[in-house]
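S.K.: mmCIF, C-alpha atoms, pLDDT in the B column; chains and numbers go by the auth columns, saved as protein.cif, coming up:
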```cif
data_my_file
#
loop_
_atom_site.group_PDB
_atom_site.id
_atom_site.type_symbol
_atom_site.label_atom_id
_atom_site.label_comp_id
_atom_site.label_asym_id
_atom_site.label_seq_id
_atom_site.Cartn_x
_atom_site.Cartn_y
_atom_site.Cartn_z
_atom_site.B_iso_or_equiv
_atom_site.auth_seq_id
_atom_site.auth_asym_id
ATOM 1 C CA MET A 1 0.000 0.000 0.000 42.00 1145 A
ATOM 2 C CA ARG A 2 2.845 2.421 0.808 42.00 1146 A
ATOM 3 C CA LYS A 3 4.360 1.890 -2.641 45.00 1147 A
ATOM 4 C CA LEU A 4 1.053 2.715 -4.314 38.00 1148 A
ATOM 5 C CA VAL A 5 0.656 5.879 -2.245 36.00 1149 A
ATOM 6 C CA LEU A 6 4.251 6.885 -3.016 40.00 1150 A
ATOM 7 C CA PHE A 7 3.726 6.199 -6.704 44.00 1151 A
ATOM 8 C CA LEU A 8 0.542 8.261 -6.774 40.00 1152 A
ATOM 9 C CA PHE A 9 2.310 11.035 -4.877 39.00 1153 A
ATOM 10 C CA LEU A 10 5.203 11.083 -7.342 45.00 1154 A
ATOM 11 C CA ILE A 11 2.958 11.189 -10.394 43.00 1155 A
ATOM 12 C CA SER A 12 0.385 13.929 -10.368 45.00 1156 A
ATOM 13 C CA CYS A 13 -0.558 14.015 -14.039 48.00 1157 A
ATOM 14 C CA ALA A 14 -1.523 11.677 -16.870 51.00 1158 A
ATOM 15 C CA PRO A 15 -0.038 8.189 -16.612 49.00 1159 A
ATOM 16 C CA PRO A 16 3.132 7.628 -18.626 53.00 1160 A
ATOM 17 C CA PRO A 17 3.217 5.401 -21.680 55.00 1161 A
ATOM 18 C CA VAL A 18 3.891 1.771 -20.752 52.00 1162 A
ATOM 19 C CA THR A 19 6.968 1.795 -22.997 63.00 1163 A
ATOM 20 C CA LEU A 20 8.908 3.709 -20.353 69.00 1164 A
ATOM 21 C CA PHE A 21 8.965 0.627 -18.151 73.00 1165 A
ATOM 22 C CA GLU A 22 9.443 -1.741 -21.080 78.00 1166 A
ATOM 23 C CA ARG A 23 12.541 0.120 -22.262 81.00 1167 A
ATOM 24 C CA TYR A 24 14.313 0.107 -18.901 82.00 1168 A
ATOM 25 C CA ALA A 25 17.267 -2.240 -18.376 83.00 1169 A
ATOM 26 C CA THR A 26 19.845 -2.728 -15.645 82.00 1170 A
ATOM 27 C CA VAL A 27 23.574 -2.726 -16.385 85.00 1171 A
ATOM 28 C CA LYS A 28 25.897 -4.493 -13.950 82.00 1172 A
ATOM 29 C CA THR A 29 29.671 -4.663 -13.725 82.00 1173 A
ATOM 30 C CA ALA A 30 31.842 -6.172 -11.016 80.00 1174 A
ATOM 31 C CA ASN A 31 31.901 -2.822 -9.188 79.00 1175 A
ATOM 32 C CA SER A 32 28.762 -0.907 -10.124 77.00 1176 A
ATOM 33 C CA THR A 33 25.129 -1.079 -11.117 79.00 1177 A
ATOM 34 C CA GLY A 34 23.290 1.417 -13.277 82.00 1178 A
ATOM 35 C CA SER A 35 20.591 1.786 -15.869 85.00 1179 A
ATOM 36 C CA ALA A 36 20.241 1.586 -19.638 88.00 1180 A
ATOM 37 C CA ILE A 37 17.586 2.465 -22.208 88.00 1181 A
ATOM 38 C CA SER A 38 16.466 0.157 -24.985 88.00 1182 A
ATOM 39 C CA VAL A 39 16.171 2.472 -27.976 89.00 1183 A
ATOM 40 C CA GLY A 40 15.007 -0.393 -30.192 87.00 1184 A
ATOM 41 C CA HIS A 41 16.204 -3.227 -32.429 87.00 1185 A
ATOM 42 C CA GLY A 42 18.655 -4.497 -29.789 88.00 1186 A
ATOM 43 C CA VAL A 43 20.378 -1.115 -29.394 90.00 1187 A
ATOM 44 C CA PHE A 44 20.821 0.346 -25.893 90.00 1188 A
ATOM 45 C CA ILE A 45 22.376 3.489 -24.478 90.00 1189 A
ATOM 46 C CA THR A 46 23.859 3.933 -21.032 89.00 1190 A
ATOM 47 C CA ALA A 47 26.190 6.278 -19.184 88.00 1191 A
ATOM 48 C CA THR A 48 29.827 5.505 -19.960 87.00 1192 A
ATOM 49 C CA HIS A 49 30.757 5.922 -16.292 85.00 1193 A
ATOM 50 C CA VAL A 50 28.395 3.028 -15.434 83.00 1194 A
ATOM 51 C CA ILE A 51 30.326 0.495 -17.520 83.00 1195 A
ATOM 52 C CA THR A 52 33.828 1.296 -16.356 72.00 1196 A
ATOM 53 C CA SER A 53 35.120 -2.208 -17.038 67.00 1197 A
ATOM 54 C CA ASP A 54 35.318 -4.134 -20.284 66.00 1198 A
ATOM 55 C CA SER A 55 32.880 -6.766 -19.095 71.00 1199 A
ATOM 56 C CA PHE A 56 29.304 -5.999 -18.150 80.00 1200 A
ATOM 57 C CA ILE A 57 25.905 -7.642 -18.353 79.00 1201 A
ATOM 58 C CA VAL A 58 22.532 -6.156 -19.168 83.00 1202 A
ATOM 59 C CA PHE A 59 19.171 -7.514 -18.073 79.00 1203 A
ATOM 60 C CA ASN A 60 15.524 -6.551 -18.142 78.00 1204 A
ATOM 61 C CA GLN A 61 12.202 -8.329 -17.684 77.00 1205 A
ATOM 62 C CA ARG A 62 12.750 -10.188 -20.968 79.00 1206 A
ATOM 63 C CA GLY A 63 16.110 -11.756 -20.211 82.00 1207 A
ATOM 64 C CA VAL A 64 19.845 -11.441 -19.585 85.00 1208 A
ATOM 65 C CA ASP A 65 22.667 -10.757 -22.052 83.00 1209 A
ATOM 66 C CA LYS A 66 26.059 -11.648 -20.593 85.00 1210 A
ATOM 67 C CA GLU A 67 27.988 -10.517 -23.677 82.00 1211 A
ATOM 68 C CA PRO A 68 26.623 -7.210 -24.986 85.00 1212 A
ATOM 69 C CA LEU A 69 28.823 -5.529 -27.578 83.00 1213 A
ATOM 70 C CA ARG A 70 30.065 -2.024 -26.791 76.00 1214 A
ATOM 71 C CA PHE A 71 29.546 -0.128 -30.032 76.00 1215 A
ATOM 72 C CA LEU A 72 30.195 3.611 -29.852 85.00 1216 A
ATOM 73 C CA GLN A 73 31.054 6.117 -27.158 85.00 1217 A
ATOM 74 C CA PHE A 74 30.269 9.847 -27.152 83.00 1218 A
ATOM 75 C CA GLY A 75 31.468 11.481 -23.941 84.00 1219 A
ATOM 76 C CA ASP A 76 29.372 9.970 -21.145 87.00 1220 A
ATOM 77 C CA ILE A 77 27.005 8.141 -23.533 89.00 1221 A
ATOM 78 C CA THR A 78 27.821 4.626 -24.696 88.00 1222 A
ATOM 79 C CA ILE A 79 25.787 2.827 -27.353 90.00 1223 A
ATOM 80 C CA PHE A 80 25.832 -0.955 -27.245 89.00 1224 A
ATOM 81 C CA LYS A 81 24.143 -3.867 -29.027 88.00 1225 A
ATOM 82 C CA SER A 82 22.477 -6.750 -27.257 88.00 1226 A
ATOM 83 C CA ASP A 83 20.536 -9.903 -28.061 86.00 1227 A
ATOM 84 C CA LEU A 84 17.725 -8.438 -25.932 84.00 1228 A
ATOM 85 C CA ASP A 85 14.873 -6.408 -27.425 80.00 1229 A
ATOM 86 C CA THR A 86 15.744 -7.059 -31.079 81.00 1230 A
ATOM 87 C CA ASN A 87 12.044 -6.884 -31.971 82.00 1231 A
ATOM 88 C CA VAL A 88 11.318 -3.664 -30.031 81.00 1232 A
ATOM 89 C CA ALA A 89 10.567 -0.681 -32.298 83.00 1233 A
ATOM 90 C CA MET A 90 12.778 2.405 -32.248 85.00 1234 A
ATOM 91 C CA VAL A 91 11.879 4.953 -29.591 88.00 1235 A
ATOM 92 C CA ALA A 92 10.810 8.426 -30.715 89.00 1236 A
ATOM 93 C CA ILE A 93 13.491 11.002 -29.854 92.00 1237 A
ATOM 94 C CA ALA A 94 12.803 14.693 -29.283 94.00 1238 A
ATOM 95 C CA GLU A 95 14.498 17.873 -28.083 95.00 1239 A
ATOM 96 C CA PRO A 96 13.794 18.962 -24.504 95.00 1240 A
ATOM 97 C CA LYS A 97 11.831 22.181 -24.073 96.00 1241 A
ATOM 98 C CA LEU A 98 12.336 24.599 -21.211 96.00 1242 A
ATOM 99 C CA GLY A 99 9.619 24.187 -18.577 96.00 1243 A
ATOM 100 C CA GLU A 100 8.136 20.987 -20.028 95.00 1244 A
ATOM 101 C CA LYS A 101 7.103 18.190 -17.702 94.00 1245 A
ATOM 102 C CA VAL A 102 9.207 15.040 -17.908 92.00 1246 A
ATOM 103 C CA TYR A 103 9.222 11.509 -16.485 88.00 1247 A
ATOM 104 C CA VAL A 104 12.322 9.838 -15.105 85.00 1248 A
ATOM 105 C CA LEU A 105 12.625 6.220 -13.974 78.00 1249 A
ATOM 106 C CA GLN A 106 14.549 5.919 -10.705 72.00 1250 A
ATOM 107 C CA PRO A 107 15.741 2.394 -9.944 70.00 1251 A
ATOM 108 C CA VAL A 108 15.905 1.310 -6.322 68.00 1252 A
ATOM 109 C CA PHE A 109 18.255 -1.638 -5.835 65.00 1253 A
ATOM 110 C CA THR A 110 17.212 -3.985 -3.040 68.00 1254 A
ATOM 111 C CA ASP A 111 18.142 -7.501 -1.973 72.00 1255 A
ATOM 112 C CA ALA A 112 15.020 -8.692 -3.806 71.00 1256 A
ATOM 113 C CA GLY A 113 16.083 -7.073 -7.096 67.00 1257 A
ATOM 114 C CA VAL A 114 15.336 -3.797 -8.834 66.00 1258 A
ATOM 115 C CA GLU A 115 12.254 -1.744 -8.129 71.00 1259 A
ATOM 116 C CA ARG A 116 11.511 1.221 -10.351 70.00 1260 A
ATOM 117 C CA LEU A 117 10.002 4.465 -9.168 75.00 1261 A
ATOM 118 C CA LEU A 118 8.698 6.948 -11.659 79.00 1262 A
ATOM 119 C CA PHE A 119 8.833 10.606 -10.848 81.00 1263 A
ATOM 120 C CA GLN A 120 7.995 13.808 -12.614 86.00 1264 A
ATOM 121 C CA GLY A 121 9.946 17.028 -12.929 89.00 1265 A
ATOM 122 C CA ASN A 122 10.286 20.014 -15.189 93.00 1266 A
ATOM 123 C CA VAL A 123 13.103 20.962 -17.532 95.00 1267 A
ATOM 124 C CA ALA A 124 14.792 23.847 -15.719 92.00 1268 A
ATOM 125 C CA TYR A 125 17.796 24.547 -17.963 91.00 1269 A
ATOM 126 C CA ILE A 126 18.963 23.545 -21.452 94.00 1270 A
ATOM 127 C CA SER A 127 22.409 23.827 -23.042 92.00 1271 A
ATOM 128 C CA LYS A 128 23.797 22.446 -26.292 91.00 1272 A
ATOM 129 C CA LEU A 129 24.598 18.991 -24.882 89.00 1273 A
ATOM 130 C CA TYR A 130 22.724 18.631 -21.604 89.00 1274 A
ATOM 131 C CA ALA A 131 19.693 19.807 -19.670 91.00 1275 A
ATOM 132 C CA MET A 132 18.692 19.966 -16.023 89.00 1276 A
ATOM 133 C CA ILE A 133 15.482 18.950 -14.286 89.00 1277 A
ATOM 134 C CA ASP A 134 14.168 20.500 -11.093 86.00 1278 A
ATOM 135 C CA ARG A 135 14.140 17.194 -9.212 79.00 1279 A
ATOM 136 C CA PRO A 136 17.054 15.343 -7.677 72.00 1280 A
ATOM 137 C CA ILE A 137 18.309 12.079 -9.092 70.00 1281 A
ATOM 138 C CA PHE A 138 20.034 9.452 -7.012 69.00 1282 A
ATOM 139 C CA GLN A 139 22.606 6.692 -7.205 68.00 1283 A
ATOM 140 C CA GLY A 140 21.842 4.048 -9.824 70.00 1284 A
ATOM 141 C CA ILE A 141 19.842 6.322 -12.110 78.00 1285 A
ATOM 142 C CA SER A 142 22.776 7.021 -14.439 83.00 1286 A
ATOM 143 C CA GLY A 143 21.819 5.729 -17.861 86.00 1287 A
ATOM 144 C CA SER A 144 18.065 5.857 -17.232 86.00 1288 A
ATOM 145 C CA GLY A 145 15.761 7.587 -19.703 89.00 1289 A
ATOM 146 C CA VAL A 146 14.186 11.021 -19.405 91.00 1290 A
ATOM 147 C CA TYR A 147 10.923 11.200 -21.360 91.00 1291 A
ATOM 148 C CA ASN A 148 8.530 14.017 -22.214 92.00 1292 A
ATOM 149 C CA MET A 149 4.775 13.668 -21.704 90.00 1293 A
ATOM 150 C CA ASN A 150 4.397 12.260 -25.234 89.00 1294 A
ATOM 151 C CA GLY A 151 6.648 9.327 -24.326 88.00 1295 A
ATOM 152 C CA GLU A 152 9.502 10.649 -26.485 91.00 1296 A
ATOM 153 C CA LEU A 153 13.031 10.102 -25.202 92.00 1297 A
ATOM 154 C CA ILE A 154 14.688 13.475 -24.616 94.00 1298 A
ATOM 155 C CA GLY A 155 17.687 12.508 -22.502 92.00 1299 A
ATOM 156 C CA MET A 156 19.680 10.096 -20.398 90.00 1300 A
ATOM 157 C CA ALA A 157 20.252 10.721 -16.684 86.00 1301 A
ATOM 158 C CA SER A 158 23.922 11.373 -16.017 83.00 1302 A
ATOM 159 C CA GLN A 159 24.857 13.452 -12.974 71.00 1303 A
ATOM 160 C CA LEU A 160 23.749 15.064 -9.750 65.00 1304 A
ATOM 161 C CA TYR A 161 24.116 18.750 -9.072 62.00 1305 A
ATOM 162 C CA GLY A 162 24.115 19.838 -5.457 60.00 1306 A
ATOM 163 C CA ILE A 163 24.127 23.107 -3.595 61.00 1307 A
ATOM 164 C CA GLN A 164 25.789 23.214 -0.151 58.00 1308 A
ATOM 165 C CA GLY A 165 25.847 19.438 0.152 56.00 1309 A
ATOM 166 C CA GLN A 166 22.192 18.962 -0.834 56.00 1310 A
ATOM 167 C CA VAL A 167 21.234 17.264 -4.093 55.00 1311 A
ATOM 168 C CA ALA A 168 19.160 19.860 -5.886 56.00 1312 A
ATOM 169 C CA PHE A 169 18.963 18.976 -9.575 67.00 1313 A
ATOM 170 C CA GLY A 170 19.362 16.079 -11.955 77.00 1314 A
ATOM 171 C CA ILE A 171 21.430 16.596 -15.078 80.00 1315 A
ATOM 172 C CA PHE A 172 20.650 14.639 -18.207 88.00 1316 A
ATOM 173 C CA LEU A 173 22.477 14.405 -21.512 88.00 1317 A
ATOM 174 C CA LYS A 174 20.433 15.217 -24.593 92.00 1318 A
ATOM 175 C CA VAL A 175 20.032 12.249 -26.959 91.00 1319 A
ATOM 176 C CA SER A 176 18.746 14.180 -29.975 89.00 1320 A
ATOM 177 C CA PRO A 177 22.296 14.657 -31.376 89.00 1321 A
ATOM 178 C CA LEU A 178 22.565 10.830 -31.508 87.00 1322 A
ATOM 179 C CA LYS A 179 19.337 10.339 -33.477 86.00 1323 A
ATOM 180 C CA PRO A 180 20.981 9.933 -36.929 86.00 1324 A
ATOM 181 C CA ILE A 181 23.521 7.471 -35.486 85.00 1325 A
ATOM 182 C CA LEU A 182 20.901 5.430 -33.605 82.00 1326 A
ATOM 183 C CA GLU A 183 18.780 5.136 -36.746 78.00 1327 A
ATOM 184 C CA LYS A 184 21.757 3.721 -38.685 79.00 1328 A
ATOM 185 C CA VAL A 185 22.927 1.315 -35.954 74.00 1329 A
ATOM 186 C CA LYS A 186 19.762 -0.793 -36.058 64.00 1330 A
#
```
If you convert what's in this file into structure tokens, what do you get?
M.R.:
Amino acid sequence: MRKLVLFLFLISCAPPPVTLFERYATVKTANSTGSAISVGHGVFITATHVITSDSFIVFNQRGVDKEPLRFLQFGDITIFKSDLDTNVAMVAIAEPKLGEKVYVLQPVFTDAGVERLLFQGNVAYISKLYAMIDRPIFQGISGSGVYNMNGELIGMASQLYGIQGQVAFGIFLKVSPLKPILEKVK
């Protein structure tokens, strides 16, 4: 019951498209755990700092891939191929807009596995390569998707920004510059 109340508290607008949950994956290395986004046709993106070692696994509700292939790296974004989600359609990608409402999946890692919380924020700042939302993000969210209210992928969670020791904002990298590359990788 508490989870339902928390979920309803976190989401105070129209329910998100189901594809947000379907596209979420977990990335695990020997030393860290983070998130990844299935962008379609077996192609995933994650934060480069999540997969610091050469060997990593990716898993979601449809299976486990113990040998994903690292494909391309652009700063803190890594694109990789996997045997998972090869029949999933490409996600729609859009530019973030200042002030727009967004959804972010926040994984919570427990002994029982991964639980996903969905929370809403607003785009508070946009630069050429990244944007900021007015909600904090926490450990394990790196690599998770940031979606607008239409279910379009606008970014990938990357960093925390704090003021005087308090986490104040979540920073996400824009994925729109990768759109032509992602369309060719499939």
S.K.: As an exercise, work out the distance from atom CA of A:Asp1229 to atom CA of A:Lys1318 in Å and give it to one decimal place.
M.R.: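 Rounded to one decimal, the two atoms are 22.5 Å apart.
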S.K.: For the provided coordinates, the residues matched by the PyMOL selection byres ((chain A and resi 1284) around 10) should be stated as a ChimeraX atom specification.
M.R.: /A:1170-1171,1176-1179,1194,1250-1253,1281-1283,1285-1288,1301-1302
S.K.: Kindly export the residues of the current selection with C-alpha atoms, as a compact mmCIF listing (two decimals), in the coordinates of the input.
M.R.:
```txt
# COMPACT_ATOMS: atom_id res chain seq x y z
CA THR A 1170 19.84 -2.73 -15.64
CA VAL A 1171 23.57 -2.73 -16.39
CA SER A 1176 28.76 -0.91 -10.12
CA THR A 1177 25.13 -1.08 -11.12
CA GLY A 1178 23.29 1.42 -13.28
CA SER A 1179 20.59 1.79 -15.87
CA VAL A 1194 28.40 3.03 -15.43
CA GLN A 1250 14.55 5.92 -10.70
CA PRO A 1251 15.74 2.39 -9.94
CA VAL A 1252 15.90 1.31 -6.32
CA PHE A 1253 18.26 -1.64 -5.84
CA ILE A 1281 18.31 12.08 -9.09
CA PHE A 1282 20.03 9.45 -7.01
CA GLN A 1283 22.61 6.69 -7.20
CA ILE A 1285 19.84 6.32 -12.11
CA SER A 1286 22.78 7.02 -14.44
CA GLY A 1287 21.82 5.73 -17.86
CA SER A 1288 18.07 5.86 -17.23
CA ALA A 1301 20.25 10.72 -16.68
CA SER A 1302 23.92 11.37 -16.02
```
S.K.: When you count all atoms listed in the file, which of these residues is closest to A:Ser1320: A:Ile1237, A:Leu1228, A:Ala1169, A:Ala1275?
M.R.: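 Looking only at the distances to A:Ser1320, the closest residue turns out to be A:Ile1237.
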S.K.: Need the shell around A:Ile1221: protein/DNA/RNA residues with any atom at most 7 Å away, counting all atoms listed in the file. Skip same-chain ones fewer than 5 positions apart. Format as a list in words?
M.R.: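 With the cut-off at 7 Å, the set is Ile1189, Thr1190, Ala1191 and Thr1192 of chain A.
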S.K.: What does the distance between atom CA of A:Glu1327 and atom CA of A:Ile1223 come to in Å, to one decimal place?
M.R.: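 Interatomic distance, atom CA of A:Glu1327 to atom CA of A:Ile1223: 11.9 Å.
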S.K.: I'd like the residues picked by the PyMOL selection byres ((chain A and resi 1201-1217) around 12) written out as an MDAnalysis selection string, using the chain letters and numbers from the file.
M.R.: chainID A and resid 1165:1182 1186:1200 1218:1232 1257:1260 1287 1322 1325:1326 1329:1330
S.K.: Calculate how many Å separate atom CA of A:Gly1265 from atom CA of A:His1185, rounding to one decimal.
M.R.: 28.8 Å
S.K.: Choose the residue, out of A:Phe1263, A:Tyr1269, A:Tyr1274, A:Tyr1291, that has the smallest atom-to-atom separation from A:Val1235; count all atoms listed in the file.
M.R.: A:Tyr1291
S.K.: For this file, the PyMOL selection byres ((chain A and resi 1239) around 7) selects which residues, as a ChimeraX atom specification?
M.R.: /A:1238,1240-1241,1298,1320
S.K.: How big is the axis-aligned box around all listed atoms of stretch 1180-1196 of chain A once 8 Å goes on each side, and where's its centre, in Å to one decimal, as AutoDock Vina command-line options?
M.R.:
```
--center_x 24.4 --center_y 0.9 --center_z -23.9 --size_x 34.8 --size_y 26.8 --size_z 33.0
```
